[in-house]
$ cat target_24.csv   # CSV, C-alpha atoms
chain,number,residue,atom,x,y,z
A,1,MET,CA,13.5,-7.3,11.2
A,2,TYR,CA,12.5,-3.7,11.7
A,3,ALA,CA,9.3,-2.3,10.4
A,4,ARG,CA,8.0,-5.8,9.5
A,5,LYS,CA,4.8,-5.2,11.5
A,6,ALA,CA,4.1,-2.0,9.7
A,7,SER,CA,4.4,-3.6,6.3
A,8,GLU,CA,2.1,-6.3,7.5
A,9,LEU,CA,-0.5,-3.6,8.2
A,10,VAL,CA,0.0,-2.2,4.7
A,11,LYS,CA,-0.2,-5.6,3.2
A,12,GLU,CA,-3.4,-6.3,5.0
A,13,PHE,CA,-4.9,-3.1,3.4
A,14,ALA,CA,-3.6,-4.1,0.0
A,15,SER,CA,-5.1,-7.6,0.2
A,16,SER,CA,-8.6,-6.3,0.8
A,17,GLU,CA,-10.5,-5.7,-2.4
A,18,PRO,CA,-10.4,-2.1,-3.8
A,19,GLY,CA,-13.1,0.0,-2.5
A,20,GLN,CA,-13.8,-2.4,0.4
A,21,LEU,CA,-12.8,-1.9,3.9
A,22,SER,CA,-11.5,-4.5,6.3
A,23,THR,CA,-11.8,-4.0,10.1
A,24,PHE,CA,-9.4,-1.4,11.5
A,25,ASN,CA,-6.5,-3.4,12.9
A,26,ASN,CA,-6.2,-1.7,16.3
A,27,ASP,CA,-4.0,-4.5,17.6
A,28,LEU,CA,-1.3,-4.3,14.9
A,29,PHE,CA,-1.5,-0.6,14.8
A,30,ALA,CA,-0.7,-0.4,18.5
A,31,GLN,CA,2.1,-2.8,18.1
A,32,VAL,CA,3.7,-0.7,15.4
A,33,LEU,CA,3.4,2.3,17.6
A,34,GLU,CA,5.1,0.3,20.4
A,35,GLU,CA,7.9,-0.6,18.0
A,36,CYS,CA,8.4,3.1,17.3
A,37,GLU,CA,8.7,3.8,21.0
A,38,GLY,CA,11.3,1.1,21.1
A,39,HIS,CA,13.3,2.8,18.4
A,40,LEU,CA,13.2,6.0,20.2
A,41,LEU,CA,14.5,4.3,23.4
A,42,HIS,CA,17.4,3.0,21.3
A,43,LEU,CA,18.0,6.2,19.6
A,44,GLN,CA,18.3,8.5,22.6
A,45,PRO,CA,21.3,6.8,24.3
A,46,LEU,CA,22.9,6.5,20.9
A,47,MET,CA,22.5,10.2,20.3
A,48,ARG,CA,24.0,10.9,23.7
A,49,LYS,CA,27.0,8.6,23.0
A,50,ILE,CA,27.6,10.3,19.6
A,51,GLN,CA,27.6,13.7,21.4
A,52,GLU,CA,30.1,12.4,24.0
A,53,HIS,CA,32.4,11.0,21.4
A,54,GLU,CA,32.3,14.2,19.4
A,55,ASN,CA,33.1,16.2,22.5
A,56,LYS,CA,36.0,13.9,23.4
A,57,LEU,CA,37.4,14.2,19.9
A,58,LYS,CA,37.2,17.9,20.0
A,59,ASP,CA,39.0,18.0,23.4
A,60,LYS,CA,41.7,15.8,22.1
A,61,ARG,CA,42.3,18.1,19.1
A,62,ARG,CA,42.3,21.2,21.3
A,63,SER,CA,44.8,19.8,23.8
A,64,GLU,CA,47.0,18.7,20.9
A,65,ASP,CA,47.0,22.2,19.5
A,66,GLU,CA,47.7,23.8,22.8
A,67,VAL,CA,50.5,21.6,24.3
A,68,GLU,CA,53.6,20.4,22.6
A,69,ILE,CA,53.9,16.7,22.9
A,70,SER,CA,56.5,14.1,22.1
A,71,GLU,CA,56.5,11.9,19.1
A,72,ASP,CA,55.5,8.9,21.2
A,73,GLU,CA,52.5,10.6,22.8
A,74,ARG,CA,51.4,11.9,19.5
A,75,ARG,CA,51.2,8.4,18.1
A,76,LYS,CA,49.3,7.2,21.1
A,77,SER,CA,46.8,9.9,20.8
A,78,GLU,CA,46.4,9.3,17.1
A,79,ALA,CA,45.6,5.7,17.9
A,80,GLU,CA,43.0,6.8,20.5
A,81,LYS,CA,41.5,9.1,18.0
A,82,VAL,CA,41.1,6.3,15.4
A,83,ILE,CA,39.4,4.2,18.0
A,84,LEU,CA,37.1,7.0,19.0
A,85,GLN,CA,36.2,7.7,15.4
A,86,THR,CA,35.3,4.1,14.6
A,87,ALA,CA,33.1,4.0,17.8
A,88,LEU,CA,31.5,7.2,16.7
A,89,LYS,CA,30.8,5.8,13.2
A,90,SER,CA,29.3,2.7,14.6
A,91,ASP,CA,27.0,4.7,16.8
A,92,GLN,CA,26.0,6.9,13.9
A,93,PHE,CA,25.4,3.8,11.8
A,94,GLY,CA,23.1,2.4,14.5
A,95,ALA,CA,21.3,5.6,15.0
A,96,LEU,CA,20.8,5.9,11.2
A,97,VAL,CA,19.2,2.4,11.1
A,98,HIS,CA,16.8,3.3,13.9
A,99,HIS,CA,16.0,6.7,12.3
A,100,LEU,CA,15.3,5.1,8.9
A,101,SER,CA,13.1,2.4,10.6
A,102,LEU,CA,11.1,5.2,12.4
A,103,VAL,CA,10.6,7.0,9.1
A,104,ARG,CA,9.5,3.8,7.4
A,105,ASN,CA,7.1,3.0,10.2
A,106,LYS,CA,5.6,6.4,10.0
A,107,ARG,CA,5.2,6.1,6.3
A,108,CYS,CA,3.4,2.7,6.6
A,109,LEU,CA,1.1,4.0,9.3
A,110,MET,CA,0.3,7.2,7.4
A,111,ALA,CA,-0.4,5.2,4.2
A,112,TYR,CA,-2.7,2.9,6.1
A,113,ILE,CA,-4.7,5.8,7.5
A,114,TYR,CA,-4.7,7.8,4.3
A,115,ASN,CA,-5.9,5.1,2.1
A,116,ARG,CA,-8.6,4.1,4.4
A,117,ALA,CA,-9.7,7.7,4.7
A,118,GLU,CA,-9.9,7.8,0.9
A,119,VAL,CA,-12.3,4.8,0.9
A,120,ILE,CA,-14.4,6.4,3.7
A,121,ARG,CA,-14.7,9.6,1.7
A,122,SER,CA,-15.9,7.7,-1.3
A,123,LEU,CA,-18.5,6.1,0.9
A,124,GLY,CA,-20.0,9.5,1.5
A,125,TRP,CA,-20.9,9.6,-2.2
A,126,MET,CA,-22.3,6.1,-2.4
A,127,VAL,CA,-24.5,5.6,0.6
A,128,ASP,CA,-26.6,8.1,2.4
A,129,SER,CA,-25.6,9.8,5.6
A,130,VAL,CA,-26.1,6.7,7.7
A,131,LEU,CA,-23.6,3.9,7.4
A,132,PRO,CA,-24.9,0.3,7.4
A,133,ALA,CA,-23.9,-1.4,10.6
A,134,GLU,CA,-21.7,-4.0,9.0
A,135,ILE,CA,-19.5,-1.3,7.6
A,136,GLU,CA,-19.6,0.9,10.7
A,137,GLU,CA,-18.2,-1.8,12.9
A,138,LYS,CA,-15.1,-1.9,10.8
A,139,LEU,CA,-14.2,1.7,11.4
A,140,SER,CA,-12.2,3.0,14.3
A,141,SER,CA,-13.8,5.8,16.4
A,142,THR,CA,-11.8,8.6,14.7
A,143,GLU,CA,-12.8,7.2,11.3
A,144,LYS,CA,-16.5,7.3,12.2
A,145,GLU,CA,-16.0,10.9,13.3
A,146,TYR,CA,-14.3,11.6,10.0
A,147,PHE,CA,-17.1,10.1,8.0
A,148,LYS,CA,-19.7,12.0,9.9
A,149,ASN,CA,-17.9,15.3,9.3
A,150,HIS,CA,-17.3,14.5,5.7
A,151,VAL,CA,-20.9,13.7,5.0
A,152,ALA,CA,-22.0,16.9,6.9
A,153,THR,CA,-19.6,18.9,4.7
A,154,LEU,CA,-21.0,17.3,1.6
A,155,GLN,CA,-24.6,17.9,2.7
A,156,SER,CA,-24.0,21.5,3.5
A,157,TYR,CA,-22.3,22.1,0.1
A,158,MET,CA,-25.2,20.5,-1.7
A,159,SER,CA,-27.8,22.5,0.2
A,160,GLU,CA,-25.8,25.6,-0.6
A,161,LEU,CA,-25.9,24.7,-4.3
A,162,ASP,CA,-29.5,23.5,-3.9
A,163,LEU,CA,-28.6,20.5,-6.0
A,164,HIS,CA,-28.5,16.9,-5.0
A,165,LEU,CA,-25.2,15.7,-6.4
A,166,THR,CA,-25.3,12.1,-5.4
A,167,VAL,CA,-28.4,11.4,-7.4
A,168,ASP,CA,-27.9,9.9,-10.9
A,169,MET,CA,-24.2,9.2,-10.8
A,170,VAL,CA,-24.9,7.4,-14.1
A,171,PRO,CA,-26.9,9.7,-16.4
A,172,PRO,CA,-30.3,8.3,-17.2
A,173,LYS,CA,-31.7,7.5,-20.6
A,174,ASP,CA,-35.3,7.7,-19.5
A,175,PRO,CA,-37.0,9.2,-16.4
A,176,TYR,CA,-38.9,5.9,-15.8
A,177,ILE,CA,-37.6,2.5,-15.3
A,178,LYS,CA,-39.2,-0.9,-14.9
A,179,VAL,CA,-38.5,-2.6,-11.6
A,180,ARG,CA,-39.3,-5.8,-9.9
A,181,VAL,CA,-39.7,-5.6,-6.1
A,182,LEU,CA,-37.6,-8.3,-4.3
A,183,ASP,CA,-38.9,-7.8,-0.8
A,184,ASP,CA,-42.1,-6.6,0.8
A,185,ILE,CA,-42.1,-2.9,1.4
A,186,GLY,CA,-45.7,-1.9,1.6
A,187,GLU,CA,-47.2,1.4,0.8
A,188,VAL,CA,-44.6,4.0,0.0
A,189,ALA,CA,-45.2,7.6,-1.0
A,190,LEU,CA,-43.2,8.3,-4.0
A,191,SER,CA,-42.7,11.7,-5.6
A,192,ASP,CA,-45.6,11.3,-8.1
A,193,GLN,CA,-47.7,8.6,-6.6
A,194,VAL,CA,-48.4,6.3,-3.7
A,195,ALA,CA,-47.3,2.8,-4.7
A,196,ASN,CA,-47.8,-0.5,-3.0
A,197,LEU,CA,-44.5,-2.2,-3.3
A,198,ALA,CA,-45.4,-5.8,-2.8
A,199,ARG,CA,-43.0,-8.6,-3.4
A,200,HIS,CA,-42.6,-9.6,-7.0
A,201,ALA,CA,-44.7,-6.7,-8.2
A,202,ILE,CA,-43.4,-5.3,-11.5
A,203,MET,CA,-44.0,-1.7,-12.1
A,204,PHE,CA,-42.8,1.6,-13.7
A,205,LEU,CA,-41.3,4.0,-11.3
A,206,ARG,CA,-39.5,7.3,-11.6
A,207,ARG,CA,-35.8,6.7,-11.7
A,208,THR,CA,-35.0,9.0,-8.9
A,209,ASP,CA,-37.5,7.2,-6.6
A,210,ALA,CA,-36.2,3.8,-7.4
A,211,GLU,CA,-32.5,4.7,-7.2
A,212,GLN,CA,-32.3,4.9,-3.4
A,213,TYR,CA,-33.9,1.5,-3.0
A,214,ILE,CA,-31.5,-0.1,-5.5
A,215,THR,CA,-28.3,1.4,-4.2
A,216,GLN,CA,-29.1,0.7,-0.6
A,217,GLY,CA,-30.0,-2.9,-1.4
A,218,GLY,CA,-27.9,-4.3,1.5
A,219,GLN,CA,-29.2,-2.1,4.2
A,220,LYS,CA,-30.8,-4.0,7.0
A,221,GLN,CA,-33.8,-2.0,8.1
A,222,ARG,CA,-35.1,-1.7,4.6
A,223,MET,CA,-35.0,-5.3,3.6
A,224,LEU,CA,-36.2,-4.2,0.2
A,225,ARG,CA,-34.6,-4.4,-3.0
A,226,PHE,CA,-35.4,-3.7,-6.6
A,227,GLN,CA,-34.2,-5.4,-9.5
A,228,TYR,CA,-35.0,-3.9,-12.7
A,229,SER,CA,-35.1,-6.0,-15.8
A,230,LEU,CA,-35.3,-3.4,-18.4
A,231,ASP,CA,-33.8,0.0,-18.7
A,232,ILE,CA,-35.6,1.4,-21.7
B,1,MET,CA,7.7,12.0,-2.4
B,2,ALA,CA,4.9,11.8,-4.9
B,3,LYS,CA,4.2,8.3,-4.0
B,4,TYR,CA,4.4,8.7,-0.3
B,5,TYR,CA,1.0,7.1,0.3
B,6,ASP,CA,1.2,4.6,-2.5
B,7,ILE,CA,0.6,1.1,-1.1
B,8,ASP,CA,2.4,-0.7,-4.0
B,9,ASP,CA,5.4,1.6,-3.7
B,10,ILE,CA,5.7,0.8,0.0
B,11,LEU,CA,5.4,-2.9,-0.5
B,12,ALA,CA,7.9,-2.9,-3.4
B,13,GLU,CA,10.5,-1.3,-1.1
B,14,GLU,CA,10.0,-4.2,1.2
B,15,GLU,CA,11.9,-6.5,-1.2
B,16,LEU,CA,15.1,-7.9,0.2
B,17,VAL,CA,18.5,-7.1,-1.1
B,18,PRO,CA,21.6,-9.1,-0.1
B,19,SER,CA,24.1,-6.8,1.5
B,20,VAL,CA,27.3,-6.8,3.5
B,21,PHE,CA,28.0,-4.4,6.4
B,22,GLN,CA,31.1,-2.3,5.8
B,23,HIS,CA,31.1,-0.9,9.4
B,24,ALA,CA,30.0,-2.1,12.7
B,25,ALA,CA,26.7,-0.8,13.9
B,26,ASN,CA,25.8,-0.4,17.6
B,27,GLU,CA,22.5,-1.1,19.3
B,28,VAL,CA,21.1,-2.8,16.2
B,29,GLY,CA,20.4,-6.3,17.6
B,30,LEU,CA,17.6,-7.4,15.4
B,31,PHE,CA,19.4,-9.1,12.6
B,32,ASP,CA,21.1,-11.6,14.8
B,33,SER,CA,19.2,-12.1,17.9
B,34,SER,CA,21.4,-14.9,19.2
B,35,ASP,CA,23.8,-12.6,21.1
B,36,ASP,CA,23.1,-9.9,23.6
B,37,THR,CA,25.7,-7.4,22.5
B,38,ASN,CA,23.2,-5.7,20.2
B,39,LYS,CA,26.0,-5.1,17.8
B,40,VAL,CA,26.4,-6.0,14.1
B,41,GLU,CA,30.0,-6.5,13.2
B,42,ALA,CA,31.6,-5.3,10.0
B,43,GLY,CA,31.5,-7.9,7.3
B,44,SER,CA,28.2,-9.6,8.4
B,45,ARG,CA,26.0,-10.7,5.5
B,46,VAL,CA,22.3,-9.9,5.8
B,47,GLU,CA,19.4,-9.4,3.6
B,48,LEU,CA,18.0,-6.0,4.1
B,49,PRO,CA,14.8,-4.5,2.8
B,50,PHE,CA,15.2,-2.0,0.0
B,51,TRP,CA,14.1,1.1,2.0
B,52,LEU,CA,17.0,0.5,4.4
B,53,VAL,CA,19.5,-0.4,1.7
B,54,ARG,CA,19.1,2.8,-0.4
B,55,GLU,CA,20.1,5.2,2.4
B,56,LEU,CA,22.8,3.0,3.8
B,57,TYR,CA,24.3,2.3,0.4
B,58,LEU,CA,24.4,5.9,-0.5
B,59,ARG,CA,26.4,6.6,2.7
B,60,GLN,CA,28.7,3.7,1.8
B,61,LEU,CA,27.9,1.9,5.0
B,62,ILE,CA,27.1,-1.3,3.3
B,63,SER,CA,27.9,-2.9,0.0
B,64,ILE,CA,25.1,-4.7,-1.9
B,65,ARG,CA,24.7,-7.4,-4.5
B,66,VAL,CA,22.0,-7.2,-7.2
B,67,PRO,CA,19.1,-9.4,-6.1
B,68,PRO,CA,19.2,-12.8,-7.8
B,69,CYS,CA,16.4,-12.2,-10.3
B,70,PHE,CA,18.2,-9.2,-11.8
B,71,ASP,CA,21.7,-10.6,-11.7
B,72,ARG,CA,23.6,-10.8,-15.0
B,73,GLU,CA,24.3,-14.5,-14.8
B,74,SER,CA,21.0,-15.5,-13.2
B,75,LYS,CA,18.7,-18.2,-14.3
B,76,THR,CA,15.9,-15.7,-14.5
B,77,ARG,CA,17.7,-13.8,-17.2
B,78,GLU,CA,18.2,-16.9,-19.3
B,79,GLU,CA,14.6,-17.9,-18.9
B,80,ILE,CA,13.3,-14.5,-19.9
B,81,GLY,CA,15.6,-14.6,-22.9
B,82,ALA,CA,14.2,-18.0,-23.9
B,83,ASP,CA,10.5,-17.4,-23.4
B,84,ALA,CA,9.6,-14.4,-21.3
B,85,ALA,CA,5.8,-15.0,-21.4
B,86,HIS,CA,5.8,-18.2,-19.4
B,87,VAL,CA,8.3,-17.4,-16.6
B,88,ASP,CA,6.9,-17.4,-13.1
B,89,LEU,CA,7.9,-13.9,-12.0
B,90,ARG,CA,5.4,-13.8,-9.2
B,91,SER,CA,7.2,-16.2,-6.9
B,92,ARG,CA,10.5,-14.6,-7.6
B,93,CYS,CA,9.6,-11.0,-7.0
B,94,LEU,CA,6.1,-9.7,-6.7
B,95,TYR,CA,7.2,-6.2,-7.7
B,96,PHE,CA,9.6,-7.2,-10.4
B,97,TYR,CA,9.5,-4.1,-12.5
B,98,GLU,CA,9.3,-1.6,-9.7
B,99,VAL,CA,12.2,-3.1,-7.8
B,100,GLY,CA,14.2,-3.3,-11.0
B,101,CYS,CA,13.6,0.4,-11.7
B,102,LYS,CA,14.7,1.3,-8.2
B,103,ILE,CA,17.8,-0.9,-8.1
B,104,ALA,CA,19.2,-0.1,-11.5
B,105,PRO,CA,20.3,3.5,-10.9
B,106,LEU,CA,21.6,2.5,-7.5
B,107,VAL,CA,24.1,-0.2,-8.7
B,108,GLY,CA,24.7,1.4,-12.0
B,109,ASP,CA,24.1,-1.7,-14.0
B,110,LYS,CA,23.2,-0.6,-17.5
B,111,THR,CA,21.9,-4.0,-18.6
B,112,ILE,CA,18.9,-4.1,-16.2
B,113,GLY,CA,16.9,-1.4,-18.0
B,114,PRO,CA,16.8,-3.1,-21.4
B,115,PHE,CA,16.3,-6.5,-19.7
B,116,LEU,CA,13.2,-5.2,-17.9
B,117,LEU,CA,11.9,-3.6,-21.2
B,118,VAL,CA,12.3,-6.9,-23.1
B,119,ALA,CA,10.6,-8.8,-20.4
B,120,PHE,CA,7.7,-6.4,-20.1
B,121,ARG,CA,7.2,-6.1,-23.9
B,122,THR,CA,6.9,-9.9,-24.5
B,123,ARG,CA,4.8,-10.5,-21.4
B,124,TYR,CA,2.5,-7.5,-22.0
B,125,LYS,CA,1.4,-8.9,-25.3
B,126,GLU,CA,0.7,-12.3,-23.8
B,127,VAL,CA,-1.2,-10.7,-20.9
B,128,LEU,CA,-3.5,-8.8,-23.2
B,129,ILE,CA,-4.3,-11.8,-25.3
B,130,LYS,CA,-4.9,-14.0,-22.3
B,131,ALA,CA,-7.1,-11.3,-20.7
B,132,HIS,CA,-9.4,-11.3,-23.7
B,133,THR,CA,-9.5,-15.0,-24.4
B,134,LEU,CA,-9.1,-17.0,-21.2
B,135,THR,CA,-12.2,-18.5,-19.6
B,136,PRO,CA,-12.6,-17.8,-15.9
B,137,ALA,CA,-11.9,-21.5,-15.1
B,138,VAL,CA,-8.3,-21.4,-16.3
B,139,ALA,CA,-7.5,-17.8,-15.4
B,140,PRO,CA,-6.4,-18.4,-11.8
B,141,LYS,CA,-3.6,-20.7,-13.0
B,142,TYR,CA,-2.2,-18.1,-15.4
B,143,LEU,CA,-2.5,-15.4,-12.7
B,144,THR,CA,0.0,-17.2,-10.6
B,145,LEU,CA,2.8,-16.3,-13.1
B,146,LEU,CA,2.1,-12.6,-13.1
B,147,THR,CA,3.7,-9.9,-11.0
B,148,ASN,CA,1.5,-7.4,-9.3
B,149,GLU,CA,1.5,-4.9,-12.1
B,150,GLU,CA,0.8,-7.5,-14.7
B,151,ALA,CA,-2.1,-8.8,-12.8
B,152,LYS,CA,-3.6,-5.3,-12.7
B,153,LEU,CA,-3.2,-5.0,-16.4
B,154,TYR,CA,-4.8,-8.4,-16.8
B,155,GLU,CA,-7.8,-7.3,-14.8
B,156,ALA,CA,-8.0,-4.1,-16.6
B,157,GLY,CA,-8.1,-6.0,-19.9
B,158,GLN,CA,-10.8,-8.3,-18.6
B,159,SER,CA,-13.0,-5.6,-17.2
B,160,SER,CA,-12.8,-3.6,-20.5
B,161,ILE,CA,-13.9,-6.7,-22.4
B,162,THR,CA,-16.9,-7.2,-20.1
B,163,ALA,CA,-17.7,-3.6,-20.3
B,164,PHE,CA,-17.7,-3.8,-24.0
B,165,LYS,CA,-19.9,-6.9,-24.0
B,166,LYS,CA,-22.3,-5.2,-21.6
B,167,TRP,CA,-22.5,-2.1,-23.8
B,168,ARG,CA,-23.3,-4.2,-26.8
B,169,MET,CA,-26.0,-6.2,-25.1
B,170,GLY,CA,-27.3,-3.2,-23.1
B,171,GLY,CA,-27.4,-4.4,-19.5
B,172,PRO,CA,-28.5,-2.8,-16.3
B,173,ARG,CA,-26.8,0.3,-15.3
B,174,PHE,CA,-28.0,0.8,-11.8
B,175,GLN,CA,-26.0,-1.2,-9.3
B,176,MET,CA,-25.9,-1.7,-5.6
B,177,ALA,CA,-23.2,0.4,-4.1
B,178,PRO,CA,-20.1,-1.9,-4.2
B,179,VAL,CA,-19.2,-1.3,-0.6
B,180,LEU,CA,-22.4,-2.7,0.6
B,181,GLY,CA,-21.0,-6.1,-0.2
B,182,ARG,CA,-21.8,-8.7,-2.8
B,183,LYS,CA,-23.4,-11.2,-0.6
B,184,ARG,CA,-27.1,-11.2,-1.3
B,185,LYS,CA,-29.6,-11.6,1.5
B,186,PRO,CA,-31.6,-14.8,1.1
B,187,THR,CA,-35.0,-13.8,-0.5
$ encode --input "target_24.csv" --output "structure tokens"
Amino acid sequence: MYARKASELVKEFASSEPGQLSTFNNDLFAQVLEECEGHLLHLQPLMRKIQEHENKLKDKRRSEDEVEISEDERRKSEAEKVILQTALKSDQFGALVHHLSLVRNKRCLMAYIYNRAEVIRSLGWMVDSVLPAEIEEKLSSTEKEYFKNHVATLQSYMSELDLHLTVDMVPPKDPYIKVRVLDDIGEVALSDQVANLARHAIMFLRRTDAEQYITQGGQKQRMLRFQYSLDI
Amino acid sequence: MAKYYDIDDILAEEELVPSVFQHAANEVGLFDSSDDTNKVEAGSRVELPFWLVRELYLRQLISIRVPPCFDRESKTREEIGADAAHVDLRSRCLYFYEVGCKIAPLVGDKTIGPFLLVAFRTRYKEVLIKAHTLTPAVAPKYLTLLTNEEAKLYEAGQSSITAFKKWRMGGPRFQMAPVLGRKRKPT
């Protein structure tokens, strides 16, 4: 069936959890594009045939108008015209099916790209300018480029405003929070103090300092995670 | 065109509709791959996806029948009439309401609209009750009955209940960015 592969692509996106990305399916994507090429190959000869049939019909009508013909010939040419017309209709029908399939394929591909781009844009707000490796390998090269540009735009906007917008997405109740360190980090210079973030240490930190460690919990290089037990 | 990029809308239009070709079509060999003529004869019966059906039907190139789950004399209608809340709609049509809304104006069947409304009304009540009361252990079994839209409602109901509980207890509000995955590294 036409456009089956394209819908598989969309289904694959739909089955991944909202906000999560699955690996860009280069293989299936290319197959859909190939199918589009196939439709085009079918479409072109059909278009040519439709043109031919139309020309023939026009010629017939003109010749009928110009020359007087007998009753017998008239009937014959009527019959020919009917045959031509049905052939024309079949060709148009076929062309229409291919055209619709092309439009459908396009819609599926566009939706796939668009919805992924939406997720990638939201990534720019949630993680800092560098993507963790396990997410980055899921993106296609153009998507990586897109993410980089989007983050750059976001950064330049924030520096223009002189306001860090991605901090405190949830408004804080208190500037300090109590955290427990899950992994060894060592000495870190925080905005108001130099703290030794040893494993299992429980301490009071400024929210803004702690936030980056909590939200980037999964990031590999940093192997450090906070868990805070109380949010006073 | 408002829903051009909408994933659910695209998948809903993938639903198959039984149709009959009124004219022959050239160079369309996919439906019946057994012969090489690449031609579909008039009168052949095929199940076409809805995105194809709408355009072809409006041009009167094919005739269609209402898909079995919306048909006037279908078993689904009887079951919905008897006890809508426990009919397994998921296996019949994942996008039951969406497809119903699309197909009704096309075939001009005035009974489909009220039928969908009745089905949704009874089932919606049940979905909300279940979302608030079911324990996670039995929930997967109930979810297999729901269409896509109902499953979303169910999840929304559940998440609002958990949000309410969290608000009452006062839980943590900082969270790891959800994209970074839920698997925790061994500590």
$ closest_residue --input "target_24.csv" --among "B:Asp88, B:Glu14, B:Asp9, B:Glu79" --to "Lys141 (chain B)" --atoms "only C-alpha atoms"
B:Asp88
$ closest_residue --input "target_24.csv" --among "A:Gly19, A:Gly186, A:Pro175, A:Gly124" --to "chain B" --atoms "all atoms listed in the file"
A:Gly19
$ atom_distance --input "target_24.csv" --atom1 "CA of Leu205 (chain A)" --atom2 "CA of Val179 (chain A)"
7.2 Å
$ residues_around --input "target_24.csv" --residues "Val97 (chain A)" --least-positions-apart "6" --cutoff "12 Å" --atoms "all atoms listed in the file" --output "number ranges by chain"
A: 1-3, 39-40, 42-43, 46, 90-91, 103-104; B: 24-31, 40, 48-49, 51-57, 59, 61-62
$ residues_around --input "target_24.csv" --residues "Gln31 (chain A)" --least-positions-apart "2" --cutoff "12 Å" --atoms "only C-alpha atoms" --output "VMD selection string"
chain A and resid 3 to 6 8 to 9 25 to 29 33 to 38 105 109
$ residues_around --input "target_24.csv" --residues "Tyr146 (chain A)" --least-positions-apart "4" --cutoff "9 Å" --atoms "all atoms listed in the file" --output "PyMOL selection string"
chain A and resi 117+120-121+141-142+150-151
$ atom_distance --input "target_24.csv" --atom1 "CA of His200 (chain A)" --atom2 "CA of Leu182 (chain A)"
5.8 Å
$ closest_residue --input "target_24.csv" --among "B:Gly81, B:Gly43, B:Pro67, B:Gly157" --to "Glu126 (chain B)" --atoms "only C-alpha atoms"
B:Gly157
$ closest_residue --input "target_24.csv" --among "A:Val32, A:Leu21, A:Ala14, A:Ile202" --to "Ser122 (chain A)" --atoms "only C-alpha atoms"
A:Leu21
$ atom_distance --input "target_24.csv" --atom1 "CA of Cys101 (chain B)" --atom2 "CA of Gln92 (chain A)"
29.2 Å
$ residues_around --input "target_24.csv" --residues "Glu47 (chain B)" --least-positions-apart "4" --cutoff "7 Å" --atoms "only C-alpha atoms" --output "short mmCIF file (atom, residue, chain, number, x, y, z; two decimals) with C-alpha atoms, in the frame of the given file"
data_model
loop_
_atom_site.label_atom_id
_atom_site.label_comp_id
_atom_site.auth_asym_id
_atom_site.auth_seq_id
_atom_site.Cartn_x
_atom_site.Cartn_y
_atom_site.Cartn_z
CA LEU B 16 15.10 -7.90 0.20
CA VAL B 17 18.50 -7.10 -1.10
CA PRO B 18 21.60 -9.10 -0.10
CA SER B 19 24.10 -6.80 1.50
#
$ closest_residue --input "target_24.csv" --among "A:Thr166, A:Gln51, A:Gln193, A:Ser140" --to "Gln212 (chain A)" --atoms "all atoms listed in the file"
A:Thr166
$ residues_around --input "target_24.csv" --residues "Gly100 (chain B)" --least-positions-apart "4" --cutoff "10 Å" --atoms "only C-alpha atoms" --output "list in words"
Ala12, Val66, Pro67, Cys69, Phe70, Cys93, Tyr95, Phe96, Ala104, Pro105, Ile112, Gly113, Phe115 and Leu116 of chain B
$ closest_residue --input "target_24.csv" --among "A:Ser70, A:Thr86, A:Ser16, A:Asn55" --to "chain B" --atoms "all atoms listed in the file"
A:Thr86
$ decode --input "target_24.csv" --residues "region 45-54 of chain B" --atoms "N, CA and C atoms" --output "PDB file, in the first residue's frame"
ATOM      1  N   ARG B  45     -12.771  -4.456  -5.235  1.00  0.00           N
ATOM      2  CA  ARG B  45     -13.012  -4.065  -3.842  1.00  0.00           C
ATOM      3  C   ARG B  45     -11.685  -4.019  -3.098  1.00  0.00           C
ATOM      4  N   VAL B  46     -11.410  -2.911  -2.486  1.00  0.00           N
ATOM      5  CA  VAL B  46     -10.173  -2.780  -1.707  1.00  0.00           C
ATOM      6  C   VAL B  46     -10.451  -1.971  -0.452  1.00  0.00           C
ATOM      7  N   GLU B  47      -9.569  -2.132   0.510  1.00  0.00           N
ATOM      8  CA  GLU B  47      -9.643  -1.267   1.682  1.00  0.00           C
ATOM      9  C   GLU B  47      -8.594  -0.183   1.515  1.00  0.00           C
ATOM     10  N   LEU B  48      -9.055   1.044   1.413  1.00  0.00           N
ATOM     11  CA  LEU B  48      -8.124   2.157   1.206  1.00  0.00           C
ATOM     12  C   LEU B  48      -8.018   2.980   2.478  1.00  0.00           C
ATOM     13  N   PRO B  49      -6.839   3.551   2.720  1.00  0.00           N
ATOM     14  CA  PRO B  49      -6.710   4.443   3.875  1.00  0.00           C
ATOM     15  C   PRO B  49      -7.527   5.707   3.671  1.00  0.00           C
ATOM     16  N   PHE B  50      -7.930   6.309   4.796  1.00  0.00           N
ATOM     17  CA  PHE B  50      -8.875   7.417   4.711  1.00  0.00           C
ATOM     18  C   PHE B  50      -8.352   8.608   3.912  1.00  0.00           C
ATOM     19  N   TRP B  51      -7.054   8.904   4.007  1.00  0.00           N
ATOM     20  CA  TRP B  51      -6.526  10.079   3.292  1.00  0.00           C
ATOM     21  C   TRP B  51      -6.716   9.962   1.785  1.00  0.00           C
ATOM     22  N   LEU B  52      -6.730   8.706   1.316  1.00  0.00           N
ATOM     23  CA  LEU B  52      -6.943   8.498  -0.110  1.00  0.00           C
ATOM     24  C   LEU B  52      -8.432   8.528  -0.424  1.00  0.00           C
ATOM     25  N   VAL B  53      -9.205   7.957   0.489  1.00  0.00           N
ATOM     26  CA  VAL B  53     -10.639   7.818   0.265  1.00  0.00           C
ATOM     27  C   VAL B  53     -11.321   9.172   0.101  1.00  0.00           C
ATOM     28  N   ARG B  54     -10.960  10.139   0.988  1.00  0.00           N
ATOM     29  CA  ARG B  54     -11.696  11.404   0.976  1.00  0.00           C
ATOM     30  C   ARG B  54     -11.673  12.063  -0.403  1.00  0.00           C
TER      31      ARG B  54
END
